[in-house]
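Here the structure comes first, spelled out in C-alpha cells, and everything after it is commentary.
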Number of protein chains: 2
Amino acid sequence: MSQEKHVYYFGPDGADGDSGMRELLGGKGANLAEMTNLGIPVPPGFTITTNVCAHFQKNNQYPDMLHGQVEEALARMGKAMNKSFGSTKNPLLVSVRSGARTSMPGMMDTVLNLGLNDQTVEGLIAATGNPRFAYDSYRRFIAMYGDVVMGLKASAKGEEDPFEKLLAAKKKARGVKDDSALDADALRELVAEFKSAIKKTLSKDFPEDPMEQLWGAIGAVFASWGNERAIAYRRMYDIPDEWGTAVNVQSMVFGNSGERSGTGVAFTRNPATGEKHFYGEYLINAQGEDVVAGVRTPEPIATLQKAMPKAYDELTGIYKKLESHYRDMQDVEFTIEDGKLWMLQTRVGKRTGVAAIRIAVEMEGEGLIDKKEAIMRADPEQLNQLLAPVFDSADKDAAVKNGRHLATGLPAGPGAACGRVVFSAPDAVEWKARGERVILVRNETSPEDIKGMRAAEGILTAQGGMTSHAALVARQMGTVCVAGCTALDIDYGKGQLTVGKHTIKEGDWISIDGTTGEVLAGEIKTFPSEVIQVLISKSLDPAKSSTYGLFAKMLDWADEVRRLRVRTNADQPDQCEQAIAFGAEGIGLCRTEHMFFGGDRIEAVRQMILSDDEAGRRTALAKLEPMQRKDFEGIFTVMAGKPVTIRLLDPPLHEFLPHDEEEIATVAKVLGVSSDELKRRNAALKEQNPMLGHRGCRLGMTYPEVYEMQVRAIIEAACAVASRGVKVYPEIMIPLTNHSKEMAAMRALAVRVADAAIAAAGTKLDYLVGTMIELPRACLVADQIAKNAQFFSFGTNDLTQTTFGISRDDCNHFMPHYLAQEIYTVDPFVSIDQEGMGQLLEMARDKGKKTRSDLKIGICGEHGGEPRSVEFCHRLGFDYVSCSPYRIPIARLAAAQAVLRGA
Amino acid sequence: MSQEKHVYYFGPDGADGDSGMRELLGGKGANLAEMTNLGIPVPPGFTITTNVCAHFQKNNQYPDMLHGQVEEALARMGKAMNKSFGSTKNPLLVSVRSGARTSMPGMMDTVLNLGLNDQTVEGLIAATGNPRFAYDSYRRFIAMYGDVVMGLKASAKGEEDPFEKLLAAKKKARGVKDDSALDADALRELVAEFKSAIKKTLSKDFPEDPMEQLWGAIGAVFASWGNERAIAYRRMYDIPDEWGTAVNVQSMVFGNSGERSGTGVAFTRNPATGEKHFYGEYLINAQGEDVVAGVRTPEPIATLQKAMPKAYDELTGIYKKLESHYRDMQDVEFTIEDGKLWMLQTRVGKRTGVAAIRIAVEMEGEGLIDKKEAIMRADPEQLNQLLAPVFDSADKDAAVKNGRHLATGLPAGPGAACGRVVFSAPDAVEWKARGERVILVRNETSPEDIKGMRAAEGILTAQGGMTSHAALVARQMGTVCVAGCTALDIDYGKGQLTVGKHTIKEGDWISIDGTTGEVLAGEIKTFPSEVIQVLISKSLDPAKSSTYGLFAKMLDWADEVRRLRVRTNADQPDQCEQAIAFGAEGIGLCRTEHMFFGGDRIEAVRQMILSDDEAGRRTALAKLEPMQRKDFEGIFTVMAGKPVTIRLLDPPLHEFLPHDEEEIATVAKVLGVSSDELKRRNAALKEQNPMLGHRGCRLGMTYPEVYEMQVRAIIEAACAVASRGVKVYPEIMIPLTNHSKEMAAMRALAVRVADAAIAAAGTKLDYLVGTMIELPRACLVADQIAKNAQFFSFGTNDLTQTTFGISRDDCNHFMPHYLAQEIYTVDPFVSIDQEGMGQLLEMARDKGKKTRSDLKIGICGEHGGEPRSVEFCHRLGFDYVSCSPYRIPIARLAAAQAVLRGA
C-alpha cells in the first residue's frame, strides 16, 4: 500500500481526481475534483482517500507515504493561494471535513480556520489588516478544534458548552449582548481563556504547531468512522465497515475580509416557479452563515452586477457552465475574497412541484435533456401540488404570526380548505345545503359519514392515520384532509373542540392545510389550482394556463413511455368523470358499499341485515336492486369502452347498523319487531375484530342472496347500457377470498346469475369474474384460486394489515414510534413493503400465472397511487394499478419512471 | 378390452380376487374376495370391475364379453347356494351394490331381493313355506327398485315417498298400525299397487324378467357414477372420473326364514372396555335391521351357544380367524339361514379410548401385533377419554329421559362436570370459597375471569368457538367446558339463563358434558378418571389401576419412538406440576399476563397502563417486579432442569383496564386523577381491532420499561433458583415480531438487562432470547429475524388468524357454515392448515435455519396438542410442540405415530 497514491489534489492547476472516483474520494472529494476539472475556481485542497481510512482502522497507523504526500499537496495549495501553511506573514488556513461515499450521521463535524496559532494570527492580521476578524477566526477555530478533535465537551447533559460559557462570561464582563460587539481585545482574551480551559480540563496543551493541528484533525475524522453512532448507522443500513471515509482538506477563503469581499447563495433557475432566471442573494463583507442567519438583509443577486461586475460576470459564466454540465438546476454557494470569486459548493437544487415540471419541460425544449430525462426529473408526489387548492400565502403567514396556528396533524389529503366547523356528517350536509362552507371535524369517520364528507370543504380528524377511512375517502374525493391531529380534544356533547388554550365552537371558522397538516383558526383565502380549473371545473381555457400546459406535456410524455395501465377507485359517475379527466383507463375498484348509504337505501340495507331469515333479506334486497342497477348504469355509461371492476359487498355488516334510538325504532317498525329485540340483534352482530370478521365473500357465502342481487344488478345494467351501443366491460370482483373452494363457490354463483341475466336480456355480453387478493393465504394458494378467477386485484391495504398483523385504524399508538426509530423506514400503509409483503405479491403472481397464463393482475389498494409502489408493480409485471382519481397523474408519471429506471 | 376379465367371482368354491385388488374391484368387492379366501362362508357373488364402469362412461355400452361372464358367475352362485336365478321353485335372489375404491356420497343405494317376480315369488314361498315373508320381500324389492333404478320419487320436496304413501293407505284400510301387522294378502295387494303406480307415473312396466332387473340395476350403479352429486364430490376431493365404481352382485340370505335362522352383530372384543371376550347380540328368525331397530330385544351372543351350538362354534372359529387375520378387533355381521352360517361383513370395530388402548396393549402382549403397530392403533384424541371426569351413565340417561337435556354446545373441554350456576367470575370464587361446586356461565370469558374459571367445576359459554378464550383456558386447566352454546339466552341482570322453555336461575344445578357438548338441568354424578386419580390427585395407587397401567405402557412405548419433544403451556407452579405428571419436557409458553390478574397486581397493572408518563409507569412496575420474580422462582423450581420459555407481555392493554365505576375510582385515586379523566384515558386505549393493535412487542418497543422489568424479574429469579443448586434454562420470548429491526431492538434490550442482572447476582447463567413467529411477515423475513433470535416458537393461533384474515372470536357467524359446506375440511383453529399456512411454517423454518443452523424451533399454539398438527410439526423437523397439560399425552402419542407413519 505504501507505494499508492493516498492524496488527491485539486486546485487552479488541476485535479488528480474526478466525479467517477466516489468510492476512493468520497462524495464530497469527488465533487470538488469534478468542479475543479470544469475549470471552476474552487479553493484548492486535497482529499485523503478512503483506503487510508481502511488501512488506519486495520493497522492503527497511517501508510508510510501519507505524510509526504500531504505535505506536498499543502505546498501546492499554498502556491495556488499565494499563501503558506504556518506562515506568520500570510498564512494559509484550511478546513478539514470528513467525506464518505454517502453522507451519514456520527461523522466528525467540520473544523474551520485550521492553521492559526499565536504567531500565524499575526500573519493573518498583517495580510487582512483586520485584527478583529483574525482573532474572531482564531477563537472560533480553538472552540471547534477543542470540541471535535480534542473532545472538550459539556460534562453533563443539558450543561452549557464550556466555550459558550466563557463567551457568555466575556460578554457579560464587557457589558455587551451580541458576539459581534466584542472587539479584538476581548476576542484575544477569549483565545487565552479557551486554551487554559482545555489545559485545565484535559491536562493537554492546545497544539500550537499547525502541522500537529492538521494531523490531529485528520486522525479525528478517521476515528469518527469507528464511533458508536456511525457503527450503529452502518449496521442499520448494511454499510460495510471497509468502505471508510475520506478526509477533505481545503483552503479557507473569507468573504468577510473587507468591502471587496462577499458571499452568497444562488439558484440557476427560480426554485419556486421554475422560471429561467438567475435567482439568489448575497452580502458584502460577510460569511456564508450571515446570509442564512438573517441578521443583515441580503441583496438580490442581480445587484451584484453593479457592485462587482467582474465577479458577477464570472459567476454568470460559471452557473451556466454548471447547469449545462450537470444538466439540472443548481444550488450554488460562492465567496468573493478581495474581488476573487471562489465556488464553494454546487448541488442539484430543491424545487417545488411546479418548478420541477417547468424546469424539466423547458430543459427538454432547450435540448439540455431528452424527454426520458425530463420524465425522470419530476417527482411524481409533487404533482399533488399542481392539483391542490392553495392558501394565499401572505394571508396564511399573517395568521400564523397572529397566533392562529392551532396544531399540526397528518397531511392526509393535500390542499387548502377553510370553512365553519361542524361535528357531524348530517350537520355538514345540512349546513352545505343552506350555502355554508364547512369543515367536518370528527374523532374519526366511518362509511355512514360519506355524505357529510362529500359536503365538506375539508375533513379534520383527531384519530386515524394516513390510510384511515377519512384519509382514504378524502383522497379519493380529492377533498382536503388533515387526519390524526391528536392534539384536538373534541367534545361532541358541547359541540366544541379544544386545543391548548383555544376553544373552537361549532360554526367557528377554521382553515386546514392538507399538504402540510396545519390547522389554523379563522378563515384564510384559497383558490383551486389552475390544473383543476382546466380539468375539473373547466373554468379555465387550457391554452391560457402555462401550468396546465406543462402538466399536460409531462403526462403526455409519461403516457408514451409507460407500460402499466392506470385505473381508478371510484364509485359514483361524477367521480368517474373526474378520474377520466385525470387519465383513468378504467375502474380498478368500485366499492358497492358506498352506494348503500345513499338516500333511503340505508334503511333497506339495515332491514336486510337485521332480518333473521332469508325471506326477510330477499324482501329488503328487492328494494335495493333497482337502485344498484341504476348506479351501475350510470357508471358504465361514463366509463364507456373502459373496464369496470366492481367489488361485491365487503364491509362487516355492523358498519351499516342503526346507532341511535330513532334509527333503531324506524328499522324495528319495518321489521315488525320491538326496539329491544332489534338492539339484541344489533349487539349479536358486534365483533371484537371486525377487520377479521364476517365480511368480504364470507357474506356472499352465508347470504348468497346478497351477492346474487348485486351480480344481477351489474349484469342487467351492463346489458341495458350495451343495448344503447356503449361498450361495457364489467369485471365482477369477489372480495377477501382465502380458499380455492370459496372462490369456486363464488364464481359458480356469479356465473349462474350473470348467465341467466344475459339470457333474459337476450343479448351477448362478455364479463370477467375475479377476486381481490388481500389475505396472505390467498397468495399462498393463488395457483388454486386462479382456477376460478380470471383476474387478481391485490387489496394491498388489507394485505398489509394481515401480513404485518397491524390494524391501520389502531396503529397510531405505535406507528409514529416505529417510524421515528426507523424500525420501519417507511409506513407500510403508504408504500408497499417490498421486502416482506412483496414476496407474497410475487408468489401470488407466479402461482396465479402458472395456472392461468393470461391472468390479469392489478392492485387497488391505496398504494396504487404511490410512486415506489407503482414502480414495484411495474417490476412485477402487473397489468395495472388503480388509485383514487387525484392520484392518477402521479401513477401515470411513476409508471413511466419505472420503465425508464428499469431500462 | 373385450378379452379382459370383467367379472370376479367369490363363493364357497373360491374367489377370483383378493384384498390387493381394491382399484379394480372397489373396497367392498376386494373385501368380500378376501373373506372368501380366508375360507369364511360369505354368500357367493361377483364383482363387475371398475374398468367396465370406465368403458361404459366412455362408450356408453358394455364390453362384449360382459354378459357372458355375468351369466356364468350367476350360474356358479346358484350352484353354490343350491338355488337358481329366476327359478320358480327355489329362486336365487341377489343384492346389487355399488363399490368404488373409497365410499363416496351420491352413489346408488343398495337394491335387495332382486330376482323376484310374480312367478319366482311362488318359488320362494315353496322353498320357505312362508308366504308373508315372500311377499314382504317382494314388495320391498319393488319399492327399492322403483325408486333407485327406475326413478319413481316424491315429485316435490317434503312430499311423501309414493310407495310409503301406498303402504300407509294400506295400513289405514286394514286398520293396523305397524307394517308387521300386514298379512301376506295385504302385501300381495301392495305388490300390485306398487307396480301400477310405476306404470302410471313412469309409463313403463316394472320389469318381470329377473335378468332384465339385474341389468337395470347394474346400469343404474354405473349411471350413478355420473350423477351431479357424485361429480361435485369428486371435484371437491380431486378424485379422477376415470376411477369408476365396481358393482357387487351377491346372493341374498335370510335370517328371517324360520326358527333355525337368525341374524346378529358382534365384536371380537368388548368395544367399550377393550376386554377380550366375544361381545354382541342376535335375534332368532329376524333380519339384520331388526337387531338395530330395537322392536324385539336381542339376546346376548353367549346364549347362541345353547340355541345353535354348531353355528356358534363355527362363528367362534371365524371371529378368531378374522381377528388373527386382520390383527385387530372386528365388528362382524352374520346371518344364519336354516342353520347355515353366513358372514355378511367384517370391519375394524369402533371402540372407546379406553378400549383402544387396552386392545392395542393386550394384542401386543398376545404377539398379534408389535409395539409399533400397537402405538398406531390408539387414536391420540381418544386419550382424552382416559383423563376426563365421567358422568354416571345411568344417571345421565335418566336425566335425558326426564326432559332435562337443555341444549348442546361445542365440546370444548372434555369431561363431565356439574355444579350450581353462577354468572360472574367473582361469584364463582366466592361460592367456591364457601364450599360450593359451581359452573361458571358466561356469554364469553376474558383474561380477568381467570380466577373464577379456576374456581369453577366447569365453564359454559354462549359464544366463542373451540379455541375461544374459555375453551383455551379450560383445556389448559383441564377444566370441563362447553363453549358456543348459542341456544342459551343469558340475562346477567336478572341472574338467569333461558333456553327454550327452561329458565335456570343463579344457584340452580346444571351438568355439562365437555366430551359431547351436552348441557343438562340438575345434578348428575361424576367422578375423576383413574388416570387423573393416579397422576394428579395421587389418590389411587398406580398398581391398582389397570387403566392407568395401559395408559402408562402406551405412552412409554410412544416415548421410545418419538423424536419430537413435548412441552407445555403453563404459567403457574401447580399447572407445571400437572404438566410434568403428564410428561412435559419443558414449558413452551409461559404467558406472563395471566400473572397480572392475581391479587393486588391488577391494580398496579392498571396504574402502569394508565400513567401518562414513563415515571408513573416505572412506579407501578416497581410494585409488580417482586411479584413477577416470585412467580418465576416458583416455576423454575418446579421445572428444575427443564427449559422454560417465557413470553413477555403480549395482550392489548385494554384487556387489563378497569370496567366498572368502583374499579375506575380505585385506580383514579392511586393515580391522583379524576374518574372522568381516567375514563377518557380508558377510552383512548380502546381499539377497533385489538388483535391487530398495540400489543406484543409493540408494547416493549413503546414502553421498554415494562419488558425491562420482566426480563429482570426472569433473570433474577433464575439466578436465585440456580444458586440453590437447581438447573435453570430460561428462554425469553419476544411476541409478535414482524421485522428484523424490531427483533434486534428487543434482543438488545433483553441482553442488556439480563447481563446486568447476572452480573449483579455475581453468578453465571445461560439463557436464550428468541421470538414467537405469529405473523405472516415474520415468516417471510425469518432469515433476518433469526439473526437476533435463538429460537422460533410458532404462535399458530395468531398466525392462523392473520394468514386467513379470520378472528377466532368472531368466526362463529360463518365458520360453522364453511365447515358444513366443506369449504374448509377442518377448522384451521383446530388443526394446522398445512396447505396454506404450512407453507409459511416451512418458509420460516428454511429461512431461519439458513441464518442460524442451530435455531431451535417449536410451536406453542393450540395446535400443539392436535394429532395431525403434531405430525406436521414432526415432518417439518421441529424440535418440539407445546400444548396445554391435559393434551400432553395426546401429543406424545401423536409424535410417536408421526415417526412410524413417516418410516
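How things are named: the first chain in the C-alpha cells is A, the next is B, and so on; residues count from 1 in each chain; ligands count from 1 in the order shown.
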
Residues within 10 Å of A:Asp136, only C-alpha atoms, excluding chain neighbours under 6 positions, as number ranges by chain | A: 179-180, 182-184, 186-188, 190-191

Select all residues from chain B having any atom no more than 7 Å from an atom of chain A (counting only C-alpha atoms, ignoring ligands), output as an MDAnalysis selection string.
-> chainID B and resid 687:694 698 702 738 741:742 775:777 780:781 802:807 809:811 813:814 817 823 836:837

Include N, CA and C atoms and write out the residues we just selected as a compact mmCIF listing (two decimals), in the first residue's frame.
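What follows is the written file out-v8.txt:
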# COMPACT_ATOMS: atom_id res chain seq x y z
N GLU B 687 -59.52 -0.02 21.04
CA GLU B 687 -59.09 -0.26 19.67
C GLU B 687 -60.20 -0.92 18.87
N GLN B 688 -60.20 -0.63 17.58
CA GLN B 688 -61.21 -1.22 16.72
C GLN B 688 -60.92 -2.69 16.45
N ASN B 689 -59.66 -3.01 16.30
CA ASN B 689 -59.24 -4.39 16.06
C ASN B 689 -58.07 -4.72 16.98
N PRO B 690 -58.39 -4.97 18.23
CA PRO B 690 -57.30 -5.15 19.21
C PRO B 690 -56.33 -6.26 18.85
N MET B 691 -56.82 -7.27 18.13
CA MET B 691 -55.94 -8.36 17.72
C MET B 691 -54.78 -7.84 16.88
N LEU B 692 -55.02 -6.76 16.15
CA LEU B 692 -54.01 -6.19 15.25
C LEU B 692 -53.51 -4.86 15.79
N GLY B 693 -53.60 -4.67 17.09
CA GLY B 693 -53.34 -3.35 17.62
C GLY B 693 -52.05 -3.24 18.41
N HIS B 694 -52.13 -2.45 19.46
CA HIS B 694 -50.97 -2.12 20.26
C HIS B 694 -50.75 -3.23 21.27
N ARG B 698 -44.88 -4.64 20.40
CA ARG B 698 -45.16 -3.21 20.20
C ARG B 698 -45.25 -2.51 21.55
N THR B 702 -42.62 0.48 22.70
CA THR B 702 -43.09 1.81 23.10
C THR B 702 -42.95 2.03 24.61
N ASN B 738 -42.43 -8.69 13.67
CA ASN B 738 -42.66 -8.80 12.23
C ASN B 738 -41.53 -8.16 11.42
N LYS B 741 -35.54 -5.40 12.46
CA LYS B 741 -35.04 -4.33 13.33
C LYS B 741 -35.76 -4.32 14.67
N GLU B 742 -37.01 -4.70 14.64
CA GLU B 742 -37.79 -4.81 15.87
C GLU B 742 -37.15 -5.89 16.75
N LEU B 775 -46.90 -13.92 12.80
CA LEU B 775 -47.42 -13.04 11.77
C LEU B 775 -46.81 -13.45 10.44
N PRO B 776 -47.58 -13.37 9.36
CA PRO B 776 -47.03 -13.79 8.07
C PRO B 776 -45.71 -13.11 7.73
N ARG B 777 -45.61 -11.80 8.05
CA ARG B 777 -44.37 -11.12 7.66
C ARG B 777 -43.15 -11.70 8.37
N LEU B 780 -41.94 -14.45 6.34
CA LEU B 780 -41.35 -14.00 5.08
C LEU B 780 -39.92 -13.48 5.28
N VAL B 781 -39.65 -12.90 6.42
CA VAL B 781 -38.30 -12.35 6.67
C VAL B 781 -37.61 -13.09 7.82
N THR B 802 -54.11 -14.34 11.14
CA THR B 802 -53.65 -13.36 10.15
C THR B 802 -53.50 -13.98 8.76
N THR B 803 -53.14 -15.24 8.69
CA THR B 803 -53.00 -15.88 7.38
C THR B 803 -54.35 -16.00 6.69
N PHE B 804 -55.36 -16.35 7.47
CA PHE B 804 -56.71 -16.48 6.92
C PHE B 804 -57.47 -15.15 6.95
N GLY B 805 -57.01 -14.21 7.77
CA GLY B 805 -57.80 -12.99 7.96
C GLY B 805 -59.08 -13.28 8.71
N ILE B 806 -59.00 -14.17 9.68
CA ILE B 806 -60.18 -14.56 10.45
C ILE B 806 -59.89 -14.44 11.94
N SER B 807 -60.74 -13.71 12.63
CA SER B 807 -60.64 -13.61 14.08
C SER B 807 -61.36 -14.82 14.68
N ASP B 809 -62.41 -15.16 17.50
CA ASP B 809 -63.51 -14.76 18.37
C ASP B 809 -64.76 -14.37 17.58
N ASP B 810 -64.59 -14.13 16.31
CA ASP B 810 -65.71 -13.60 15.53
C ASP B 810 -66.15 -14.52 14.41
N CYS B 811 -65.63 -15.73 14.38
CA CYS B 811 -65.92 -16.56 13.21
C CYS B 811 -67.16 -17.42 13.38
N HIS B 813 -70.11 -16.68 13.16
CA HIS B 813 -71.18 -16.37 12.21
C HIS B 813 -71.00 -17.07 10.86
N PHE B 814 -69.79 -17.49 10.57
CA PHE B 814 -69.61 -18.12 9.26
C PHE B 814 -68.83 -19.42 9.29
N HIS B 817 -70.80 -22.62 8.89
CA HIS B 817 -71.25 -22.76 7.50
C HIS B 817 -70.10 -23.27 6.62
N ILE B 823 -66.03 -26.17 2.75
CA ILE B 823 -65.09 -25.20 2.16
C ILE B 823 -63.76 -25.39 2.89
N GLY B 836 -52.02 -24.18 3.28
CA GLY B 836 -51.76 -22.74 3.18
C GLY B 836 -50.72 -22.29 4.19
N MET B 837 -51.15 -22.20 5.44
CA MET B 837 -50.25 -21.70 6.48
C MET B 837 -49.00 -22.57 6.59

Counting only C-alpha atoms, what is within 6 Å of stretch 434-449 of chain B, bar same-chain residues fewer than 5 positions away, as a PyMOL selection string?
-> chain B and resi 419-423+425+456-463+470

For stretch 99-111 of chain B, list every protein, DNA or RNA residue within 8 Å, evaluated using only C-alpha atoms, and leave out those in the same chain fewer than 3 positions away; present the list as a count of residues only.
-> 31

Within 12 Å of A:Ser257 using only C-alpha atoms, minus same-chain residues under 6 positions, as a list in words =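 Result of the neighbour search: Leu124, Ile125, Ala127, Thr128, Gly129, Asn130, Pro131, Arg132, Phe133, Ala134, Asp136, Ser137, Thr263, Ile284, Asn285, Ala286, Gln287, Thr335, Ile336, Glu337, Asp338, Gly339 and Lys340 of chain A.
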
Pick out the residues sitting within 9 Å of stretch 355-370 of chain A, and hand them over as a PyMOL selection string; count only C-alpha atoms, and ignore anything fewer than 4 positions along from it in its own chain.
-> chain A and resi 269-276+324+327-329+350-351+374-379+382-383+547+550-551+553-554

Residues near B:Val726, cut-off 7 Å, only C-alpha atoms, skip fewer than 2 positions along chain, as a ChimeraX atom specification = /B:640-641,721-722,724,728

Could you turn the residues from that selection into a file that holds N, CA, C and O atoms, as a PDB file, in the first residue's frame?
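Listing of out26.pdb after writing:
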ATOM      1  N   ALA B 640     -37.344 -27.700  37.388  1.00  0.00           N
ATOM      2  CA  ALA B 640     -35.916 -27.954  37.557  1.00  0.00           C
ATOM      3  C   ALA B 640     -35.303 -28.780  36.419  1.00  0.00           C
ATOM      4  O   ALA B 640     -35.737 -29.902  36.163  1.00  0.00           O
ATOM      5  N   GLY B 641     -34.304 -28.205  35.772  1.00  0.00           N
ATOM      6  CA  GLY B 641     -33.579 -28.938  34.742  1.00  0.00           C
ATOM      7  C   GLY B 641     -34.255 -28.929  33.377  1.00  0.00           C
ATOM      8  O   GLY B 641     -33.704 -29.442  32.418  1.00  0.00           O
ATOM      9  N   VAL B 721     -32.797 -19.171  41.919  1.00  0.00           N
ATOM     10  CA  VAL B 721     -33.104 -20.610  41.957  1.00  0.00           C
ATOM     11  C   VAL B 721     -31.833 -21.417  41.649  1.00  0.00           C
ATOM     12  O   VAL B 721     -31.556 -22.436  42.296  1.00  0.00           O
ATOM     13  N   ALA B 722     -31.054 -20.936  40.678  1.00  0.00           N
ATOM     14  CA  ALA B 722     -29.815 -21.628  40.324  1.00  0.00           C
ATOM     15  C   ALA B 722     -28.868 -21.671  41.517  1.00  0.00           C
ATOM     16  O   ALA B 722     -28.152 -22.657  41.728  1.00  0.00           O
ATOM     17  N   ARG B 724     -29.550 -22.156  44.397  1.00  0.00           N
ATOM     18  CA  ARG B 724     -29.941 -23.252  45.292  1.00  0.00           C
ATOM     19  C   ARG B 724     -29.602 -24.606  44.668  1.00  0.00           C
ATOM     20  O   ARG B 724     -30.096 -25.645  45.113  1.00  0.00           O
ATOM     21  N   VAL B 728     -31.442 -24.263  35.759  1.00  0.00           N
ATOM     22  CA  VAL B 728     -32.461 -23.362  35.218  1.00  0.00           C
ATOM     23  C   VAL B 728     -32.101 -22.996  33.779  1.00  0.00           C
ATOM     24  O   VAL B 728     -30.966 -22.615  33.510  1.00  0.00           O
TER      25      VAL B 728
END

Taking the backbone alone, and naming residues the way the document does, which bits of stretch 533-695 of chain B are strand (DSSP E or B) by DSSP, as number ranges by chain?
-> B: 565-569, 587-591, 643-647

Which residues in stretch 30-160 of chain B does DSSP call helix (DSSP H, G or I)? List them as number ranges by chain.
-> B: 30-37, 50-59, 66-81, 120-128, 131-149

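Compared by their closest atoms to B:Pro63, and using only C-alpha atoms, the residues B:Val753, B:Ala665, B:Met252, B:Val7 rank with B:Val7 nearest.
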
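Nearest to B:Lys544 of all the residues B:Glu259, B:Glu530, B:Asp64, B:Asp676 is B:Glu530, based on only C-alpha atoms.
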
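Nearest to A:Gln575 of all the residues A:Gly616, A:Pro885, A:Pro41, A:Pro867 is A:Pro885, counting only C-alpha atoms.
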
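Minimum atom-to-atom distances from A:Gln897, A:Ser675, A:Ser882, A:Gln69 to A:Ala579 were compared using only C-alpha atoms, and the lowest value belongs to A:Ser882.
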
To one decimal in Å, tell me the separation between atom CA of A:Asp491 and atom CA of A:Asp660.
->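 Atom CA of A:Asp660 lies at a distance of 17.9 Å from atom CA of A:Asp491.
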
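What separates atom CA of B:Phe194 from atom CA of B:Gly146 is a distance of 8.4 Å.
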
In Å to one decimal, how far is atom CA of B:Ile859 from atom CA of B:Met733?
->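 Taking atom CA of B:Met733 and atom CA of B:Ile859, their separation equals 12.3 Å.
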